[in-house]
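Structure below is work.cif: mmCIF, C-alpha atoms and all ligand atoms.
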data_protein
#
loop_
_atom_site.label_atom_id
_atom_site.label_comp_id
_atom_site.auth_asym_id
_atom_site.auth_seq_id
_atom_site.Cartn_x
_atom_site.Cartn_y
_atom_site.Cartn_z
CA MET D 27 -18.22 -11.72 -10.01
CA ARG D 28 -15.09 -11.41 -8.02
CA LYS D 29 -14.87 -11.69 -4.27
CA THR D 30 -15.39 -8.49 -2.37
CA GLY D 31 -13.26 -9.22 0.68
CA ALA D 32 -9.74 -10.42 1.26
CA PHE D 33 -11.00 -13.36 3.33
CA GLU D 34 -13.56 -16.09 2.91
CA GLU D 35 -15.24 -18.25 5.50
CA SER D 36 -15.52 -22.00 5.55
CA ALA D 37 -17.88 -23.75 7.96
CA ASP D 38 -15.82 -26.95 7.77
CA GLY D 39 -12.52 -25.15 7.94
CA VAL D 40 -9.46 -25.45 5.71
CA VAL D 41 -5.84 -26.13 6.58
CA CYS D 42 -3.51 -23.15 6.45
CA ASP D 43 -0.55 -24.03 4.22
CA CYS D 44 1.78 -22.02 6.41
CA CYS D 45 1.05 -23.11 10.00
CA GLY D 46 -0.85 -26.33 9.30
CA LYS D 47 -3.71 -25.35 11.61
CA THR D 48 -7.36 -25.54 10.66
CA THR D 49 -8.83 -22.11 10.03
CA HIS D 50 -12.39 -21.04 9.32
CA ILE D 51 -11.33 -17.75 7.81
CA PHE D 52 -8.85 -17.90 4.97
CA TYR D 53 -7.21 -15.53 2.53
CA THR D 54 -8.20 -15.72 -1.14
CA ASN D 55 -6.53 -12.75 -2.80
CA PRO D 56 -3.12 -12.50 -4.48
CA PHE D 57 -0.06 -13.92 -2.80
CA PHE D 58 3.03 -13.86 -5.00
CA SER D 59 5.39 -16.73 -4.27
CA VAL D 60 7.22 -19.48 -6.11
CA GLU D 61 5.17 -22.16 -4.37
CA ASP D 62 1.49 -22.50 -5.09
CA ILE D 63 -0.29 -21.67 -1.86
CA ALA D 64 -3.96 -22.56 -1.50
CA TYR D 65 -4.88 -21.28 1.95
CA LEU D 66 -3.47 -18.82 4.41
CA CYS D 67 -4.94 -17.93 7.78
CA PRO D 68 -5.15 -14.29 8.98
CA GLU D 69 -2.61 -14.91 11.76
CA CYS D 70 0.10 -16.09 9.37
CA ILE D 71 -0.45 -12.96 7.25
CA ALA D 72 -0.47 -10.48 10.14
CA SER D 73 2.62 -12.00 11.77
CA GLY D 74 4.56 -11.97 8.50
CA GLU D 75 5.15 -15.73 8.80
CA ALA D 76 3.53 -16.53 5.44
CA ALA D 77 5.69 -14.00 3.59
CA ARG D 78 8.79 -15.20 5.44
CA LYS D 79 8.21 -18.91 4.96
CA TYR D 80 7.44 -18.69 1.24
CA ASP D 81 9.50 -15.59 0.46
CA GLY D 82 6.26 -14.18 -0.89
CA SER D 83 4.41 -10.88 -0.98
CA PHE D 84 0.83 -9.65 -1.09
CA GLN D 85 1.51 -6.63 -3.26
CA ASP D 86 3.99 -5.90 -6.05
CA ASP D 87 6.40 -3.38 -4.51
CA PHE D 88 6.67 -1.46 -7.80
CA SER D 89 2.90 -1.02 -8.10
CA VAL D 90 2.54 1.45 -5.28
CA ASP D 91 2.33 5.24 -5.01
CA ASP D 92 5.53 7.20 -4.43
CA GLY D 93 5.91 9.43 -1.41
CA VAL D 94 6.42 6.89 1.39
CA ASP D 95 9.98 7.20 2.71
CA ASP D 96 9.83 4.66 5.53
CA PRO D 97 10.97 1.22 4.27
CA GLU D 98 9.24 -0.39 7.28
CA LYS D 99 5.89 0.82 5.89
CA LEU D 100 6.58 -0.81 2.53
CA ASP D 101 7.61 -3.98 4.33
CA GLU D 102 4.34 -4.01 6.25
CA LEU D 103 2.33 -3.40 3.09
CA ILE D 104 3.85 -6.10 0.93
CA HIS D 105 4.58 -8.73 3.61
CA ARG D 106 1.87 -8.38 6.29
CA THR D 107 -1.14 -6.70 4.65
CA PRO D 108 -3.85 -8.68 2.82
CA GLY D 109 -4.01 -7.63 -0.80
CA TYR D 110 -7.01 -7.18 -3.06
CA SER D 111 -7.87 -8.72 -6.38
CA GLY D 112 -8.08 -6.40 -9.38
CA TRP D 113 -8.76 -7.01 -13.06
CA GLN D 114 -5.16 -6.16 -13.80
CA GLN D 115 -2.05 -5.52 -11.72
CA GLU D 116 -3.18 -4.32 -8.31
CA TYR D 117 -1.87 -0.92 -7.37
CA TRP D 118 -1.70 0.54 -3.86
CA ARG D 119 -2.41 4.19 -3.13
CA ALA D 120 -0.52 6.34 -0.61
CA HIS D 121 -1.23 9.70 1.04
CA CYS D 122 0.38 11.77 3.80
CA GLY D 123 3.60 9.75 3.45
CA ASP D 124 1.96 6.42 4.24
CA TYR D 125 0.08 3.65 2.47
CA CYS D 126 -3.69 3.91 2.61
CA ALA D 127 -6.15 1.38 3.96
CA TYR D 128 -7.96 -0.53 1.24
CA LEU D 129 -11.74 -0.34 1.72
CA GLY D 130 -13.18 -2.32 -1.18
CA TYR D 131 -14.71 -2.37 -4.64
CA VAL D 132 -16.75 0.66 -5.68
CA GLY D 133 -18.29 2.37 -8.68
CA ALA D 134 -19.61 5.90 -9.09
CA ARG D 135 -22.88 5.01 -7.39
CA GLU D 136 -21.10 3.75 -4.25
CA LEU D 137 -18.80 6.77 -4.27
CA ARG D 138 -21.82 9.10 -4.44
CA ALA D 139 -23.59 7.15 -1.68
CA LEU D 140 -20.53 7.53 0.52
CA GLY D 141 -20.36 11.22 -0.37
CA VAL D 142 -16.76 10.93 -1.57
CA LEU D 143 -17.03 11.14 -5.36
CA GLU D 144 -15.78 14.73 -5.57
CA GLU D 145 -13.10 13.93 -3.02
CA VAL D 146 -11.63 11.06 -5.07
CA LEU D 147 -11.77 13.18 -8.22
CA ASP D 148 -9.71 15.84 -6.45
CA ASP D 149 -6.53 13.88 -7.12
CA PRO D 150 -3.53 14.78 -9.33
CA MET D 151 -3.40 11.10 -10.36
CA TRP D 152 -6.32 11.57 -12.78
CA ASP D 153 -6.67 13.68 -15.90
CA GLU D 154 -10.04 14.95 -17.11
CA GLU D 155 -10.70 11.91 -19.27
CA GLN D 156 -9.96 9.55 -16.39
CA LYS D 157 -12.17 11.58 -14.05
CA GLU D 158 -15.02 11.13 -16.50
CA MET D 159 -14.38 7.40 -16.46
CA ILE D 160 -14.53 7.33 -12.66
CA ARG D 161 -17.84 9.26 -12.80
CA GLU D 162 -19.25 6.59 -15.10
CA SER D 163 -17.74 3.53 -13.43
CA VAL D 164 -20.02 0.73 -12.27
CA ASN D 165 -19.10 -1.59 -9.44
CA GLY D 166 -18.64 -5.05 -10.95
CA GLY D 167 -18.58 -3.58 -14.47
CA HIS D 168 -15.85 -3.26 -17.07
CA LEU D 169 -14.28 -0.29 -15.35
CA GLN D 170 -13.74 -1.07 -11.70
CA CYS D 171 -12.74 1.39 -8.98
CA TYR D 172 -10.93 0.35 -5.81
CA LEU D 173 -11.41 2.59 -2.80
CA PHE D 174 -8.69 3.59 -0.36
CA ARG D 175 -8.65 5.87 2.64
CA CYS D 176 -5.71 7.78 4.08
CA LEU D 177 -4.89 6.59 7.61
CA HIS D 178 -3.80 10.09 8.61
CA CYS D 179 -6.08 12.75 7.09
CA GLY D 180 -8.98 10.47 6.09
CA LYS D 181 -8.96 11.46 2.43
CA HIS D 182 -10.45 8.90 0.05
CA LEU D 183 -8.59 7.88 -3.10
CA VAL D 184 -9.30 5.35 -5.80
CA TRP D 185 -7.41 3.16 -8.19
CA MET D 186 -9.17 1.91 -11.32
CA ASP D 187 -8.64 -0.63 -14.04
CA PHE D 188 -10.46 -2.51 -16.80
CA ASP D 189 -11.35 -6.08 -17.49
ZN ZN P 1 -1.61 -20.09 9.36
ZN ZN P 2 -3.72 11.97 3.85
#
Go through the file and emit its structure as structure tokens.
Amino acid sequence: MRKTGAFEESADGVVCDCCGKTTHIFYTNPFFSVEDIAYLCPECIASGEAARKYDGSFQDDFSVDDGVDDPEKLDELIHRTPGYSGWQQEYWRAHCGDYCAYLGYVGARELRALGVLEEVLDDPMWDEEQKEMIRESVNGGHLQCYLFRCLHCGKHLVWMDFD
């Protein structure tokens, strides 16, 4: 099973590679950089220091939805926003001209429980075959859905991939 959140907790604490301080909450999801980074604290991610120091990013800037014109928003997404860990290349959804908030791992059952299954299927991203796959997806299964929510209108969107 993969981790469900971007951060993990350590009772003993770990040392952030970036600032050298002991942190009890540390980042565990993708960080793309030349150097191999073990631990990052939330502060070094939010401030952009980790991305700056290691010339790294938390999201591939080609694997994002079109439709966001503001380069500052892309900068915030790839340099100051914790990423998530997918089976394959992580992809970030956008809506209303801005990148969405990532909410977590879901399958059809979770989408139904949240009452957003029909909402995520109402999306030009997916053809009929893909919609059927989303309807049959199981959280933690071979076909994983990743839930996003628009920061502006509140619409839910998913990304999905396979193991
Ligand atoms: Zn730090
Ligand atoms: Zn929207």
- D:Val164: which residues within 9 Å, counting all atoms listed in the file, same-chain residues fewer than 4 positions away excluded, as a PyMOL selection string? chain D and resi 132-136+160+168-171
- Check which residues fall inside 8 Å of ligand ZN 1 (chain P) when counting all atoms listed in the file, and print them as a PyMOL selection string. chain D and resi 41-47+49+66-71+76
Residues from last step as file, C-alpha atoms, as a PDB file, keeping the file's coordinate frame:
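Dumped everything to out-v3.pdb:
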ATOM      1  CA  VAL D  41      -5.840 -26.130   6.580  1.00  0.00           C
ATOM      2  CA  CYS D  42      -3.510 -23.150   6.450  1.00  0.00           C
ATOM      3  CA  ASP D  43      -0.550 -24.030   4.220  1.00  0.00           C
ATOM      4  CA  CYS D  44       1.780 -22.020   6.410  1.00  0.00           C
ATOM      5  CA  CYS D  45       1.050 -23.110  10.000  1.00  0.00           C
ATOM      6  CA  GLY D  46      -0.850 -26.330   9.300  1.00  0.00           C
ATOM      7  CA  LYS D  47      -3.710 -25.350  11.610  1.00  0.00           C
ATOM      8  CA  THR D  49      -8.830 -22.110  10.030  1.00  0.00           C
ATOM      9  CA  LEU D  66      -3.470 -18.820   4.410  1.00  0.00           C
ATOM     10  CA  CYS D  67      -4.940 -17.930   7.780  1.00  0.00           C
ATOM     11  CA  PRO D  68      -5.150 -14.290   8.980  1.00  0.00           C
ATOM     12  CA  GLU D  69      -2.610 -14.910  11.760  1.00  0.00           C
ATOM     13  CA  CYS D  70       0.100 -16.090   9.370  1.00  0.00           C
ATOM     14  CA  ILE D  71      -0.450 -12.960   7.250  1.00  0.00           C
ATOM     15  CA  ALA D  76       3.530 -16.530   5.440  1.00  0.00           C
TER      16      ALA D  76
END
- Task: Find the residue from D:His121, D:Lys157, D:Lys99, D:His182 that sits nearest to D:Leu140; use only C-alpha atoms when measuring.
- Result: D:His182
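Around ligand ZN 2 (chain P), using all atoms listed in the file and a cut-off of 12 Å, the residues in contact are D:Gly93, D:Val94, D:Arg119, D:Ala120, D:His121, D:Cys122, D:Gly123, D:Asp124, D:Tyr125, D:Cys126, D:Ala127, D:Glu145, D:Val146, D:Asp149, D:Phe174, D:Arg175, D:Cys176, D:Leu177, D:His178, D:Cys179, D:Gly180, D:Lys181, D:His182, D:Leu183.
With atom CA of D:Gly74 on one side and atom CA of D:Val184 on the other, the separation reads 26.4 Å.
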So which residues are close to (2.5, -21.0, -6.8), meaning at most 12 Å away in the file's coordinates with only C-alpha atoms counted, and can you show them as a PDB file with C-alpha atoms, in the frame of the given file?
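Final file, out_17.pdb:
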ATOM      1  CA  ASP D  43      -0.550 -24.030   4.220  1.00  0.00           C
ATOM      2  CA  PRO D  56      -3.120 -12.500  -4.480  1.00  0.00           C
ATOM      3  CA  PHE D  57      -0.060 -13.920  -2.800  1.00  0.00           C
ATOM      4  CA  PHE D  58       3.030 -13.860  -5.000  1.00  0.00           C
ATOM      5  CA  SER D  59       5.390 -16.730  -4.270  1.00  0.00           C
ATOM      6  CA  VAL D  60       7.220 -19.480  -6.110  1.00  0.00           C
ATOM      7  CA  GLU D  61       5.170 -22.160  -4.370  1.00  0.00           C
ATOM      8  CA  ASP D  62       1.490 -22.500  -5.090  1.00  0.00           C
ATOM      9  CA  ILE D  63      -0.290 -21.670  -1.860  1.00  0.00           C
ATOM     10  CA  ALA D  64      -3.960 -22.560  -1.500  1.00  0.00           C
ATOM     11  CA  TYR D  65      -4.880 -21.280   1.950  1.00  0.00           C
ATOM     12  CA  TYR D  80       7.440 -18.690   1.240  1.00  0.00           C
ATOM     13  CA  ASP D  81       9.500 -15.590   0.460  1.00  0.00           C
ATOM     14  CA  GLY D  82       6.260 -14.180  -0.890  1.00  0.00           C
ATOM     15  CA  SER D  83       4.410 -10.880  -0.980  1.00  0.00           C
TER      16      SER D  83
END
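The space between atom CA of D:Gln114 and atom CA of D:Gly167 spans 13.7 Å.
With distances taken over all atoms listed in the file, D:Gly109 is the one residue among D:Ile104, D:Gly109, D:Leu137, D:Gly130 lying closest to D:Tyr53.
One distance worth recording is that between atom CA of D:Asn55 and atom CA of D:Arg106, which is 13.1 Å.
Nearest to D:Ser36 of all the residues D:His50, D:Lys79, D:Arg138, D:Arg161 is D:His50, based on all atoms listed in the file.
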Would you compute, for all listed atoms of stretch 64-80 of chain D, the axis-aligned bounding box grown by 6 Å on each side, and then report its centre and edge lengths in Å rounded to one decimal, as JSON?
{"center_x": 1.8, "center_y": -16.5, "center_z": 5.1, "size_x": 25.9, "size_y": 24.1, "size_z": 25.3}
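Distances here use only C-alpha atoms; by that measure, the residue among D:Tyr117, D:Met159, D:Ala72, D:Glu98 closest to D:Gln85 is D:Tyr117.
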